[in-house]
>>> print(open('entry-v2.txt').read())   # compact mmCIF, C-alpha atoms
# COMPACT_ATOMS: atom_id res chain seq x y z
CA MET A 134 41.41 -2.20 -58.37
CA ASP A 135 41.73 1.24 -56.81
CA PHE A 136 45.06 1.47 -54.97
CA SER A 137 44.76 5.18 -54.14
CA LEU A 138 45.07 6.02 -50.44
CA SER A 139 42.44 7.77 -48.34
CA ASP A 140 43.45 10.82 -46.34
CA GLU A 141 43.56 8.69 -43.18
CA GLN A 142 45.77 6.08 -44.86
CA GLN A 143 48.13 8.76 -46.15
CA LEU A 144 48.51 10.13 -42.62
CA LEU A 145 49.12 6.59 -41.38
CA VAL A 146 51.88 6.04 -43.94
CA GLU A 147 53.54 9.34 -43.11
CA SER A 148 53.52 8.60 -39.38
CA VAL A 149 55.20 5.22 -39.90
CA GLU A 150 57.76 6.80 -42.21
CA ARG A 151 58.63 9.31 -39.46
CA PHE A 152 58.98 6.50 -36.93
CA VAL A 153 61.36 4.59 -39.18
CA ARG A 154 63.35 7.70 -40.03
CA ASN A 155 63.70 8.78 -36.39
CA GLU A 156 64.04 5.45 -34.59
CA TYR A 157 65.54 3.11 -37.19
CA PRO A 158 68.57 4.65 -38.88
CA PHE A 159 70.73 1.79 -40.06
CA ASP A 160 73.42 2.06 -37.36
CA ALA A 161 70.79 2.10 -34.60
CA ARG A 162 69.07 -0.94 -36.10
CA ARG A 163 72.34 -2.81 -36.36
CA LYS A 164 73.19 -2.16 -32.70
CA LEU A 165 69.68 -3.24 -31.66
CA ALA A 166 69.98 -6.48 -33.65
CA GLU A 167 73.26 -7.25 -31.89
CA SER A 168 71.88 -6.49 -28.42
CA GLU A 169 70.91 -9.22 -25.98
CA ASP A 170 67.15 -8.81 -26.39
CA GLY A 171 67.12 -7.91 -30.08
CA ILE A 172 64.13 -5.55 -29.85
CA SER A 173 63.43 -2.25 -28.09
CA ALA A 174 60.79 -1.80 -25.39
CA LYS A 175 60.85 1.92 -26.18
CA ASN A 176 60.10 1.29 -29.85
CA TRP A 177 57.29 -1.11 -28.94
CA GLY A 178 55.78 1.51 -26.69
CA THR A 179 56.02 4.06 -29.49
CA LEU A 180 54.19 1.74 -31.88
CA ALA A 181 51.43 1.39 -29.29
CA GLU A 182 51.24 5.15 -28.66
CA MET A 183 50.93 5.75 -32.41
CA GLY A 184 47.96 3.38 -32.52
CA LEU A 185 49.70 1.01 -34.94
CA LEU A 186 49.19 -2.07 -32.76
CA ALA A 187 45.45 -1.32 -32.70
CA VAL A 188 45.01 -0.86 -36.44
CA MET A 189 43.22 -4.20 -36.96
CA VAL A 190 41.56 -4.28 -33.53
CA PRO A 191 37.78 -3.64 -33.91
CA GLU A 192 36.55 -0.27 -32.70
CA ASP A 193 34.26 -1.80 -30.07
CA GLN A 194 37.36 -3.39 -28.49
CA GLY A 195 39.20 -0.07 -28.32
CA GLY A 196 40.95 -0.31 -31.68
CA ILE A 197 40.98 1.59 -34.95
CA GLY A 198 38.94 -0.97 -36.88
CA GLY A 199 41.22 -1.01 -39.90
CA SER A 200 41.75 -3.82 -42.39
CA MET A 201 44.57 -5.92 -43.76
CA VAL A 202 45.18 -3.16 -46.31
CA ASP A 203 46.03 -0.74 -43.48
CA ALA A 204 48.31 -3.35 -41.93
CA ALA A 205 50.05 -3.85 -45.28
CA LEU A 206 50.69 -0.11 -45.55
CA ILE A 207 52.35 -0.19 -42.14
CA LEU A 208 54.33 -3.34 -42.91
CA GLU A 209 55.70 -1.90 -46.15
CA LYS A 210 57.17 1.05 -44.26
CA LEU A 211 58.44 -1.16 -41.42
CA GLY A 212 60.09 -3.37 -44.03
CA ALA A 213 61.92 -0.35 -45.42
CA GLY A 214 63.47 0.15 -41.98
CA LEU A 215 64.09 -3.56 -41.29
CA VAL A 216 62.13 -3.08 -38.07
CA LEU A 217 62.74 -5.91 -35.58
CA GLU A 218 59.77 -5.57 -33.21
CA PRO A 219 57.08 -8.31 -33.60
CA PHE A 220 54.40 -6.19 -35.28
CA MET A 221 53.27 -8.87 -37.74
CA SER A 222 52.96 -11.74 -35.27
CA THR A 223 51.11 -9.54 -32.77
CA ALA A 224 49.12 -6.85 -34.58
CA VAL A 225 48.23 -9.03 -37.59
CA LEU A 226 48.24 -12.71 -36.66
CA GLY A 227 47.50 -12.25 -32.97
CA VAL A 228 44.62 -9.85 -33.61
CA ARG A 229 43.25 -11.97 -36.45
CA ALA A 230 43.33 -15.13 -34.30
CA LEU A 231 41.54 -13.38 -31.45
CA THR A 232 38.85 -11.72 -33.54
CA ALA A 233 38.13 -14.85 -35.57
CA GLY A 234 38.55 -17.55 -32.93
CA ALA A 235 38.61 -16.43 -29.29
CA THR A 236 35.61 -16.49 -26.97
CA GLY A 237 34.00 -13.16 -26.04
CA ASP A 238 35.65 -12.39 -22.69
CA VAL A 239 39.07 -13.65 -23.75
CA ARG A 240 38.86 -11.78 -27.04
CA ASP A 241 37.88 -8.46 -25.50
CA THR A 242 40.48 -8.59 -22.74
CA LEU A 243 43.41 -9.64 -24.90
CA LEU A 244 42.61 -7.30 -27.80
CA GLY A 245 42.67 -4.40 -25.38
CA GLN A 246 46.07 -5.52 -24.10
CA VAL A 247 47.41 -5.75 -27.67
CA ALA A 248 46.22 -2.23 -28.46
CA GLU A 249 47.95 -0.92 -25.33
CA GLY A 250 51.22 -2.64 -26.19
CA ALA A 251 50.95 -4.88 -23.11
CA LEU A 252 50.81 -8.19 -25.00
CA LYS A 253 52.97 -9.77 -27.70
CA PHE A 254 52.17 -12.87 -29.73
CA GLY A 255 54.19 -15.55 -31.47
CA PHE A 256 52.89 -17.91 -34.14
CA ALA A 257 53.90 -21.53 -33.56
CA HIS A 258 52.78 -23.81 -36.37
CA TYR A 259 55.70 -25.17 -38.40
CA GLU A 260 57.42 -28.35 -37.21
CA PRO A 261 60.86 -29.86 -37.88
CA ARG A 262 59.66 -32.41 -40.43
CA GLY A 263 56.53 -30.63 -41.65
CA ARG A 264 58.24 -28.16 -44.01
CA TYR A 265 55.47 -25.83 -45.28
CA SER A 266 52.58 -28.23 -44.75
CA ARG A 267 49.42 -26.67 -43.37
CA THR A 268 48.10 -29.90 -41.91
CA ARG A 269 51.05 -32.18 -41.11
CA LEU A 270 51.23 -32.00 -37.33
CA THR A 271 52.83 -34.18 -34.69
CA THR A 272 52.10 -31.79 -31.82
CA ARG A 273 49.22 -33.33 -29.87
CA ALA A 274 46.59 -31.91 -27.54
CA ALA A 275 44.90 -34.56 -25.42
CA PRO A 276 41.73 -33.88 -23.36
CA SER A 277 42.54 -33.34 -19.69
CA GLY A 278 39.68 -32.48 -17.36
CA GLU A 279 37.93 -29.49 -18.88
CA GLY A 280 41.01 -28.49 -20.88
CA TYR A 281 43.87 -30.06 -22.82
CA THR A 282 47.47 -31.17 -22.39
CA LEU A 283 49.86 -30.22 -25.21
CA SER A 284 53.02 -32.07 -26.21
CA GLY A 285 55.24 -31.51 -29.23
CA VAL A 286 57.87 -29.31 -30.86
CA LYS A 287 57.55 -26.22 -33.06
CA ALA A 288 60.46 -24.95 -35.16
CA VAL A 289 61.71 -21.44 -36.00
CA VAL A 290 59.00 -19.55 -34.11
CA ARG A 291 59.86 -15.95 -34.85
CA ASN A 292 60.09 -13.67 -31.78
CA ALA A 293 58.97 -16.52 -29.50
CA GLN A 294 61.28 -15.29 -26.74
CA HIS A 295 59.57 -11.89 -26.85
CA ALA A 296 56.02 -13.30 -26.88
CA ASP A 297 53.68 -13.45 -23.91
CA LYS A 298 51.40 -15.91 -25.70
CA LEU A 299 51.83 -18.33 -28.59
CA ILE A 300 49.22 -19.32 -31.15
CA VAL A 301 49.82 -23.07 -31.34
CA SER A 302 48.42 -25.55 -33.85
CA ALA A 303 47.95 -29.07 -32.50
CA ARG A 304 46.26 -32.30 -33.44
CA THR A 305 43.30 -33.21 -31.26
CA SER A 306 42.26 -36.19 -33.37
CA GLY A 307 43.24 -38.13 -36.48
CA GLU A 308 46.59 -38.97 -38.01
CA GLU A 309 49.64 -36.82 -38.69
CA ARG A 310 48.67 -35.74 -42.22
CA ASP A 311 44.88 -35.50 -41.83
CA ALA A 312 43.20 -32.24 -42.81
CA GLU A 313 40.67 -32.61 -40.02
CA GLY A 314 41.35 -32.96 -36.32
CA ILE A 315 43.35 -29.71 -35.97
CA THR A 316 42.74 -27.25 -33.13
CA LEU A 317 44.40 -23.92 -32.36
CA PHE A 318 45.33 -22.88 -28.83
CA LEU A 319 46.61 -19.85 -26.96
CA VAL A 320 49.52 -20.89 -24.76
CA ASP A 321 51.42 -18.70 -22.29
CA THR A 322 55.16 -18.82 -22.92
CA ALA A 323 55.65 -18.82 -19.14
CA ALA A 324 53.43 -21.89 -18.65
CA LYS A 325 54.91 -24.96 -16.99
CA GLY A 326 56.28 -27.36 -19.61
CA VAL A 327 57.06 -24.69 -22.25
CA SER A 328 60.76 -24.42 -23.09
CA LEU A 329 62.49 -22.31 -25.72
CA LYS A 330 65.78 -22.78 -27.54
CA SER A 331 66.45 -19.26 -28.77
CA TYR A 332 68.85 -18.03 -31.46
CA MET A 333 69.57 -15.17 -33.82
CA THR A 334 68.43 -15.58 -37.41
CA VAL A 335 70.56 -14.67 -40.40
CA ASP A 336 68.69 -11.38 -40.86
CA GLY A 337 69.42 -10.17 -37.32
CA GLY A 338 66.03 -11.17 -35.93
CA ARG A 339 65.23 -13.66 -33.19
CA ALA A 340 63.53 -17.05 -33.30
CA ALA A 341 63.24 -20.14 -31.15
CA ASP A 342 62.42 -23.82 -31.29
CA VAL A 343 59.63 -24.35 -28.78
CA THR A 344 59.03 -27.61 -26.90
CA PHE A 345 55.75 -28.40 -25.14
CA GLU A 346 55.97 -31.11 -22.50
CA GLY A 347 52.63 -31.83 -20.88
CA VAL A 348 51.52 -28.18 -21.04
CA GLU A 349 48.06 -27.81 -19.50
CA VAL A 350 45.61 -25.25 -20.90
CA GLY A 351 41.99 -24.52 -20.04
CA PRO A 352 38.99 -24.52 -22.39
CA GLU A 353 39.28 -20.74 -22.80
CA ALA A 354 42.60 -21.32 -24.61
CA VAL A 355 40.85 -22.89 -27.61
CA LEU A 356 40.67 -20.73 -30.73
CA GLY A 357 37.78 -21.60 -33.02
CA GLU A 358 36.32 -25.09 -33.15
CA VAL A 359 37.86 -28.18 -31.61
CA ASP A 360 38.95 -30.52 -34.45
CA GLY A 361 37.81 -27.88 -36.96
CA GLY A 362 40.69 -25.43 -36.85
CA ALA A 363 42.11 -26.11 -40.32
CA ALA A 364 40.18 -23.23 -41.92
CA LEU A 365 41.26 -20.72 -39.26
CA LEU A 366 44.84 -21.97 -39.46
CA SER A 367 44.85 -21.56 -43.25
CA ASP A 368 43.43 -18.07 -42.86
CA LEU A 369 46.22 -17.11 -40.46
CA LEU A 370 48.86 -18.55 -42.75
CA ASP A 371 47.48 -16.53 -45.67
CA HIS A 372 47.48 -13.36 -43.56
CA GLY A 373 51.08 -14.12 -42.62
CA ALA A 374 52.08 -14.68 -46.24
CA VAL A 375 50.58 -11.37 -47.35
CA ALA A 376 52.03 -9.56 -44.32
CA VAL A 377 55.62 -10.61 -45.01
CA SER A 378 55.08 -9.89 -48.71
CA ALA A 379 54.15 -6.30 -47.87
CA GLU A 380 57.23 -6.12 -45.65
CA ALA A 381 59.34 -7.45 -48.52
CA VAL A 382 58.01 -4.72 -50.82
CA GLY A 383 59.31 -2.09 -48.41
CA ALA A 384 62.68 -3.82 -48.18
CA MET A 385 62.93 -4.14 -51.97
CA LYS A 386 62.08 -0.47 -52.48
CA ALA A 387 64.67 0.67 -49.93
CA LEU A 388 67.29 -1.64 -51.42
CA HIS A 389 66.53 -0.40 -54.94
CA MET A 390 66.93 3.24 -53.84
CA LEU A 391 70.18 2.39 -52.04
CA THR A 392 71.48 0.66 -55.18
CA VAL A 393 70.56 3.52 -57.54
CA ASP A 394 72.27 6.02 -55.23
CA TYR A 395 75.38 3.83 -55.22
CA LEU A 396 75.38 3.62 -59.03
CA LYS A 397 75.24 7.42 -59.21
CA THR A 398 78.23 7.91 -56.91
CA ARG A 399 80.53 4.96 -57.77
CA GLU A 400 82.88 5.87 -60.60
CA GLN A 401 84.70 3.70 -63.12
CA PHE A 402 86.83 4.99 -66.01
CA GLY A 403 86.18 8.50 -64.76
CA VAL A 404 82.36 8.37 -64.95
CA ALA A 405 79.57 7.25 -62.65
CA ILE A 406 78.69 3.64 -63.35
CA ALA A 407 75.02 4.71 -63.57
CA ASN A 408 75.91 5.81 -67.12
CA PHE A 409 76.48 2.20 -68.21
CA GLN A 410 73.37 0.98 -69.99
CA VAL A 411 73.57 -2.62 -68.81
CA LEU A 412 73.53 -1.45 -65.18
CA GLN A 413 70.60 0.85 -65.91
CA HIS A 414 68.68 -2.15 -67.26
CA ALA A 415 69.47 -4.16 -64.13
CA ALA A 416 68.21 -1.33 -61.91
CA VAL A 417 65.00 -1.07 -63.95
CA ASP A 418 64.47 -4.83 -63.62
CA MET A 419 64.77 -4.46 -59.85
CA MET A 420 62.12 -1.73 -59.86
CA ASN A 421 59.78 -3.79 -62.06
CA HIS A 422 59.97 -6.77 -59.71
CA MET A 423 59.31 -4.52 -56.74
CA GLU A 424 56.31 -2.79 -58.33
CA GLN A 425 54.78 -6.09 -59.47
CA SER A 426 55.15 -7.47 -55.95
CA ARG A 427 53.59 -4.32 -54.52
CA SER A 428 50.54 -4.62 -56.78
CA LEU A 429 50.04 -8.27 -55.87
CA ALA A 430 50.54 -7.59 -52.16
CA TYR A 431 47.83 -4.93 -52.05
CA ALA A 432 45.51 -6.94 -54.27
CA ALA A 433 45.89 -9.85 -51.84
CA ALA A 434 45.42 -7.58 -48.82
CA MET A 435 42.21 -6.24 -50.35
CA ALA A 436 41.03 -9.79 -51.01
CA LEU A 437 41.65 -10.78 -47.39
CA ALA A 438 39.79 -7.69 -46.22
CA GLU A 439 36.84 -7.74 -48.63
CA GLU A 440 36.46 -11.09 -50.41
CA ASP A 441 33.82 -13.45 -49.00
CA ASP A 442 34.99 -16.54 -50.88
CA ALA A 443 37.72 -18.41 -48.98
CA THR A 444 39.18 -19.93 -52.16
CA ALA A 445 39.51 -16.51 -53.79
CA ARG A 446 41.31 -15.20 -50.72
CA ALA A 447 43.63 -18.20 -50.71
CA ARG A 448 44.44 -17.85 -54.43
CA ALA A 449 45.24 -14.15 -54.03
CA ALA A 450 47.54 -14.84 -51.08
CA ALA A 451 49.29 -17.71 -52.87
CA ALA A 452 49.85 -15.65 -56.04
CA CYS A 453 51.20 -12.78 -53.95
CA LYS A 454 53.66 -14.87 -51.95
CA ALA A 455 54.82 -16.95 -54.92
CA HIS A 456 55.75 -13.82 -56.85
CA THR A 457 57.22 -11.94 -53.89
CA SER A 458 59.44 -14.86 -52.85
CA ARG A 459 60.92 -15.01 -56.34
CA SER A 460 61.17 -11.24 -56.77
CA GLY A 461 62.77 -10.72 -53.38
CA ARG A 462 65.54 -13.14 -54.32
CA LEU A 463 66.11 -11.52 -57.73
CA VAL A 464 66.13 -7.98 -56.34
CA GLY A 465 68.49 -8.96 -53.53
CA GLN A 466 70.91 -10.77 -55.82
CA ALA A 467 70.92 -7.92 -58.33
CA ALA A 468 71.62 -5.38 -55.61
CA ILE A 469 74.59 -7.34 -54.29
CA GLN A 470 75.96 -7.81 -57.80
CA LEU A 471 75.65 -4.10 -58.61
CA HIS A 472 77.28 -3.08 -55.34
CA GLY A 473 80.15 -5.51 -55.63
CA GLY A 474 82.13 -6.41 -52.50
CA ILE A 475 80.79 -3.59 -50.34
CA GLY A 476 77.31 -5.07 -50.60
CA MET A 477 78.31 -8.01 -48.40
CA THR A 478 79.92 -6.06 -45.57
CA GLU A 479 78.25 -5.85 -42.15
CA GLU A 480 78.82 -2.09 -42.04
CA TYR A 481 76.70 -1.45 -45.14
CA ALA A 482 72.91 -1.74 -45.30
CA ALA A 483 72.55 -3.55 -48.64
CA GLY A 484 73.61 -6.94 -47.28
CA HIS A 485 71.15 -6.67 -44.40
CA TYR A 486 68.24 -6.04 -46.78
CA PHE A 487 69.39 -9.02 -48.83
CA LYS A 488 69.42 -11.22 -45.73
CA ARG A 489 65.93 -10.13 -44.70
CA LEU A 490 64.58 -10.78 -48.19
CA THR A 491 66.22 -14.21 -48.11
CA MET A 492 64.42 -15.01 -44.86
CA ILE A 493 61.09 -13.74 -46.17
CA GLU A 494 61.46 -15.94 -49.24
CA GLY A 495 60.83 -19.01 -47.09
CA GLU A 496 58.51 -17.58 -44.43
CA PHE A 497 54.93 -18.88 -44.73
CA GLY A 498 55.89 -20.91 -47.79
CA ASP A 499 58.32 -20.32 -50.65
CA HIS A 500 57.73 -19.77 -54.37
CA ASP A 501 57.35 -23.45 -55.26
CA HIS A 502 55.02 -24.17 -52.34
CA HIS A 503 52.58 -21.45 -53.32
CA LEU A 504 52.72 -22.34 -57.01
CA ASP A 505 51.73 -25.88 -56.03
CA ARG A 506 48.86 -24.46 -53.97
CA MET A 507 47.63 -22.43 -56.93
CA VAL A 508 47.78 -25.42 -59.26
CA ALA A 509 45.84 -27.54 -56.77
CA MET A 510 43.14 -24.86 -56.38
CA ILE A 511 42.82 -24.47 -60.17
CA ARG A 512 42.47 -28.22 -60.62
CA ARG A 513 39.79 -28.44 -57.93
CA ALA A 514 37.86 -25.67 -59.65
CA ALA A 515 38.10 -27.31 -63.09
>>> encode(input="entry-v2.txt", output="structure tokens")
Amino acid sequence: MDFSLSDEQQLLVESVERFVRNEYPFDARRKLAESEDGISAKNWGTLAEMGLLAVMVPEDQGGIGGSMVDAALILEKLGAGLVLEPFMSTAVLGVRALTAGATGDVRDTLLGQVAEGALKFGFAHYEPRGRYSRTRLTTRAAPSGEGYTLSGVKAVVRNAQHADKLIVSARTSGEERDAEGITLFLVDTAAKGVSLKSYMTVDGGRAADVTFEGVEVGPEAVLGEVDGGAALLSDLLDHGAVAVSAEAVGAMKALHMLTVDYLKTREQFGVAIANFQVLQHAAVDMMNHMEQSRSLAYAAAMALAEEDDATARARAAAACKAHTSRSGRLVGQAAIQLHGGIGMTEEYAAGHYFKRLTMIEGEFGDHDHHLDRMVAMIRRAA
């Protein structure tokens, strides 16, 4: 595969790097994470002005018409800055859900609002006892007039308190574990019957458990086919897995650079500890894990953007996330070990990268989950 960047992509990368450098120095990010809201309206507006929120919005809806590869380039640089604003849930999952599943008028209106920075999305699928299952759902949507009434609970919905709308998976027919009978909905967070229990996550981000109690939505809220939403849901989950993998690559690269700089300046026995061969080997192992994850992330992003076969896209996403989950843990642990005690202090960036990589390890499925998916797909193809 050709991983070389076009001139437009190179300019895109450089613009995001400038944003992170100017708006996300570590101390500023730490203060923002500790603030009441946890994100910055100014930063969100800057992302919109730069056109980053419109990167995957089709050109005929006022966007740039880019692909998942372009989004991955952005996410890698945002990951390097530990950016807190909900880019992934809005500009990737929100846009993908709208372009693939929303009706014409709803799609056009909401995509324009995303591009302008006037709309944020949250992705509400996982449930308290569902773990990483793609089809185990207890949230129900019952027909009510021309629309539906939703009831259920979603767990650890990232940036739910910042979202204007949630993409919600619910069961419209069948039993809890059935693959069929799933429908996706757009639900306003301000709708009657929606309640959020918000909290800070270990990485300084925000999440919430969301309860739906008799929430009424109209027919225009349906994404895709009624009872046939499993394929769209799986597609969104794969986009999410690749998105956080690209973010993890940026975090791993930044953490590796921070660790190498520390090894060059920290002295023991009168010499920089970077001269010790065993520590050099550990730093090289960190780089190898990061580069392997980067290759898999962009291969998966290209598959999502260009591959027609759904199984091939799913296998690429699963391979990417399985490797990145494992590599993120190994890189994070190695960095903390090489830093020693300072690596775990709140005042130093290394521990914050480690925490974010720890969170990403489990987001959209961990290493074991995606290995199991790959085995299942291989067996079905045999």
>>> closest_residue(input="entry-v2.txt", among="A:Met385, A:Val290, A:Val355, A:Leu270", to="Glu309 in chain A", atoms="all atoms listed in the file")
A:Leu270
>>> closest_residue(input="entry-v2.txt", among="A:Ala204, A:Val350, A:Val286, A:Met390", to="Met189 in chain A", atoms="only C-alpha atoms")
A:Ala204
>>> closest_residue(input="entry-v2.txt", among="A:Val247, A:Leu388, A:Ala363, A:Ile197", to="Ala312 in chain A", atoms="only C-alpha atoms")
A:Ala363
>>> residues_near_point(input="entry-v2.txt", point="(46.2, -23.9, -33.0)", cutoff="10 Å", atoms="all atoms listed in the file", output="compact mmCIF listing (two decimals) with C-alpha atoms, in the frame of the given file")
# COMPACT_ATOMS: atom_id res chain seq x y z
CA ALA A 230 43.33 -15.13 -34.30
CA GLY A 234 38.55 -17.55 -32.93
CA PHE A 256 52.89 -17.91 -34.14
CA ALA A 257 53.90 -21.53 -33.56
CA HIS A 258 52.78 -23.81 -36.37
CA THR A 272 52.10 -31.79 -31.82
CA ALA A 274 46.59 -31.91 -27.54
CA LEU A 299 51.83 -18.33 -28.59
CA ILE A 300 49.22 -19.32 -31.15
CA VAL A 301 49.82 -23.07 -31.34
CA SER A 302 48.42 -25.55 -33.85
CA ALA A 303 47.95 -29.07 -32.50
CA ARG A 304 46.26 -32.30 -33.44
CA THR A 305 43.30 -33.21 -31.26
CA ILE A 315 43.35 -29.71 -35.97
CA THR A 316 42.74 -27.25 -33.13
CA LEU A 317 44.40 -23.92 -32.36
CA PHE A 318 45.33 -22.88 -28.83
CA LEU A 319 46.61 -19.85 -26.96
CA VAL A 320 49.52 -20.89 -24.76
CA ALA A 354 42.60 -21.32 -24.61
CA VAL A 355 40.85 -22.89 -27.61
CA LEU A 356 40.67 -20.73 -30.73
CA GLY A 357 37.78 -21.60 -33.02
CA GLU A 358 36.32 -25.09 -33.15
CA VAL A 359 37.86 -28.18 -31.61
CA ASP A 360 38.95 -30.52 -34.45
CA GLY A 362 40.69 -25.43 -36.85
CA ALA A 363 42.11 -26.11 -40.32
CA LEU A 365 41.26 -20.72 -39.26
CA LEU A 366 44.84 -21.97 -39.46
>>> atom_distance(input="entry-v2.txt", atom1="CA of Asp371 in chain A", atom2="CA of Thr271 in chain A")
21.5 Å
>>> closest_residue(input="entry-v2.txt", among="A:Ala224, A:Asp501, A:Ile406, A:Ala482", to="Pro158 in chain A", atoms="only C-alpha atoms")
A:Ala482
>>> residues_around(input="entry-v2.txt", residues="Glu249 in chain A", least_positions_apart="4", cutoff="9 Å", atoms="all atoms listed in the file", output="PDB file with C-alpha atoms, in the coordinates of the input")
ATOM      1  CA  GLY A 178      55.780   1.510 -26.690  1.00  0.00           C
ATOM      2  CA  ALA A 181      51.430   1.390 -29.290  1.00  0.00           C
ATOM      3  CA  GLU A 182      51.240   5.150 -28.660  1.00  0.00           C
ATOM      4  CA  GLY A 184      47.960   3.380 -32.520  1.00  0.00           C
ATOM      5  CA  LEU A 186      49.190  -2.070 -32.760  1.00  0.00           C
ATOM      6  CA  ALA A 187      45.450  -1.320 -32.700  1.00  0.00           C
ATOM      7  CA  LEU A 244      42.610  -7.300 -27.800  1.00  0.00           C
ATOM      8  CA  GLY A 245      42.670  -4.400 -25.380  1.00  0.00           C
TER       9      GLY A 245
END
>>> closest_residue(input="entry-v2.txt", among="A:Pro276, A:Glu218, A:Asp336, A:Ser137", to="Glu479 in chain A", atoms="all atoms listed in the file")
A:Asp336
>>> atom_distance(input="entry-v2.txt", atom1="CA of Met420 in chain A", atom2="CA of Thr392 in chain A")
10.7 Å
>>> atom_distance(input="entry-v2.txt", atom1="CA of Glu150 in chain A", atom2="CA of Glu440 in chain A")
29.0 Å
>>> closest_residue(input="entry-v2.txt", among="A:Met510, A:Ala445, A:Val404, A:Val216", to="Arg489 in chain A", atoms="all atoms listed in the file")
A:Val216
>>> residues_near_point(input="entry-v2.txt", point="(74.5, -7.4, -53.5)", cutoff="10 Å", atoms="only C-alpha atoms", output="list in words")
Leu388, Thr392, Val464, Gly465, Gln466, Ala467, Ala468, Ile469, Gln470, Leu471, His472, Gly473, Gly474, Ile475, Gly476, Met477, Thr478, Ala483, Gly484, His485, Tyr486 and Phe487 of chain A
>>> axis_aligned_box(input="entry-v2.txt", around="range 480-494 of chain A", padding_each_side="6 Å", output="JSON")
{"center_x": 70.0, "center_y": -8.7, "center_z": -45.6, "size_x": 29.7, "size_y": 26.5, "size_z": 19.2}
>>> residues_around(input="entry-v2.txt", residues="Met435 in chain A", least_positions_apart="5", cutoff="10 Å", atoms="only C-alpha atoms", output="list of chain:residue names")
A:Met134, A:Asp135, A:Phe136, A:Ser200, A:Met201, A:Val202, A:Asp203, A:Ala205, A:Leu429, A:Ala430, A:Glu440, A:Arg446, A:Ala449
>>> build_atoms(input="entry-v2.txt", residues="range 442-446 of chain A", atoms="all heavy atoms", output="PDB file, keeping the file's coordinate frame")
ATOM      1  N   ASP A 442      34.671 -15.172 -50.495  1.00  0.00           N
ATOM      2  CA  ASP A 442      34.990 -16.540 -50.880  1.00  0.00           C
ATOM      3  C   ASP A 442      36.379 -16.925 -50.383  1.00  0.00           C
ATOM      4  O   ASP A 442      37.381 -16.279 -50.721  1.00  0.00           O
ATOM      5  CB  ASP A 442      34.934 -16.671 -52.415  1.00  0.00           C
ATOM      6  CG  ASP A 442      35.216 -18.092 -52.872  1.00  0.00           C
ATOM      7  OD1 ASP A 442      34.481 -19.005 -52.477  1.00  0.00           O
ATOM      8  OD2 ASP A 442      36.212 -18.274 -53.599  1.00  0.00           O
ATOM      9  N   ALA A 443      36.445 -17.990 -49.578  1.00  0.00           N
ATOM     10  CA  ALA A 443      37.720 -18.410 -48.980  1.00  0.00           C
ATOM     11  C   ALA A 443      38.728 -18.831 -50.034  1.00  0.00           C
ATOM     12  O   ALA A 443      39.926 -18.571 -49.896  1.00  0.00           O
ATOM     13  CB  ALA A 443      37.479 -19.543 -47.989  1.00  0.00           C
ATOM     14  N   THR A 444      38.262 -19.485 -51.097  1.00  0.00           N
ATOM     15  CA  THR A 444      39.180 -19.930 -52.160  1.00  0.00           C
ATOM     16  C   THR A 444      39.790 -18.738 -52.878  1.00  0.00           C
ATOM     17  O   THR A 444      40.979 -18.740 -53.210  1.00  0.00           O
ATOM     18  CB  THR A 444      38.450 -20.836 -53.146  1.00  0.00           C
ATOM     19  OG1 THR A 444      37.927 -21.972 -52.455  1.00  0.00           O
ATOM     20  CG2 THR A 444      39.392 -21.310 -54.244  1.00  0.00           C
ATOM     21  N   ALA A 445      38.993 -17.713 -53.123  1.00  0.00           N
ATOM     22  CA  ALA A 445      39.510 -16.510 -53.790  1.00  0.00           C
ATOM     23  C   ALA A 445      40.555 -15.829 -52.928  1.00  0.00           C
ATOM     24  O   ALA A 445      41.583 -15.338 -53.434  1.00  0.00           O
ATOM     25  CB  ALA A 445      38.363 -15.558 -54.105  1.00  0.00           C
ATOM     26  N   ARG A 446      40.318 -15.794 -51.628  1.00  0.00           N
ATOM     27  CA  ARG A 446      41.310 -15.200 -50.720  1.00  0.00           C
ATOM     28  C   ARG A 446      42.599 -16.013 -50.746  1.00  0.00           C
ATOM     29  O   ARG A 446      43.702 -15.452 -50.787  1.00  0.00           O
ATOM     30  CB  ARG A 446      40.758 -15.146 -49.291  1.00  0.00           C
ATOM     31  CG  ARG A 446      39.570 -14.219 -49.111  1.00  0.00           C
ATOM     32  CD  ARG A 446      39.327 -13.917 -47.632  1.00  0.00           C
ATOM     33  NE  ARG A 446      39.072 -15.128 -46.864  1.00  0.00           N
ATOM     34  CZ  ARG A 446      37.872 -15.652 -46.640  1.00  0.00           C
ATOM     35  NH1 ARG A 446      36.800 -15.081 -47.182  1.00  0.00           N
ATOM     36  NH2 ARG A 446      37.720 -16.729 -45.896  1.00  0.00           N
TER      37      ARG A 446
END
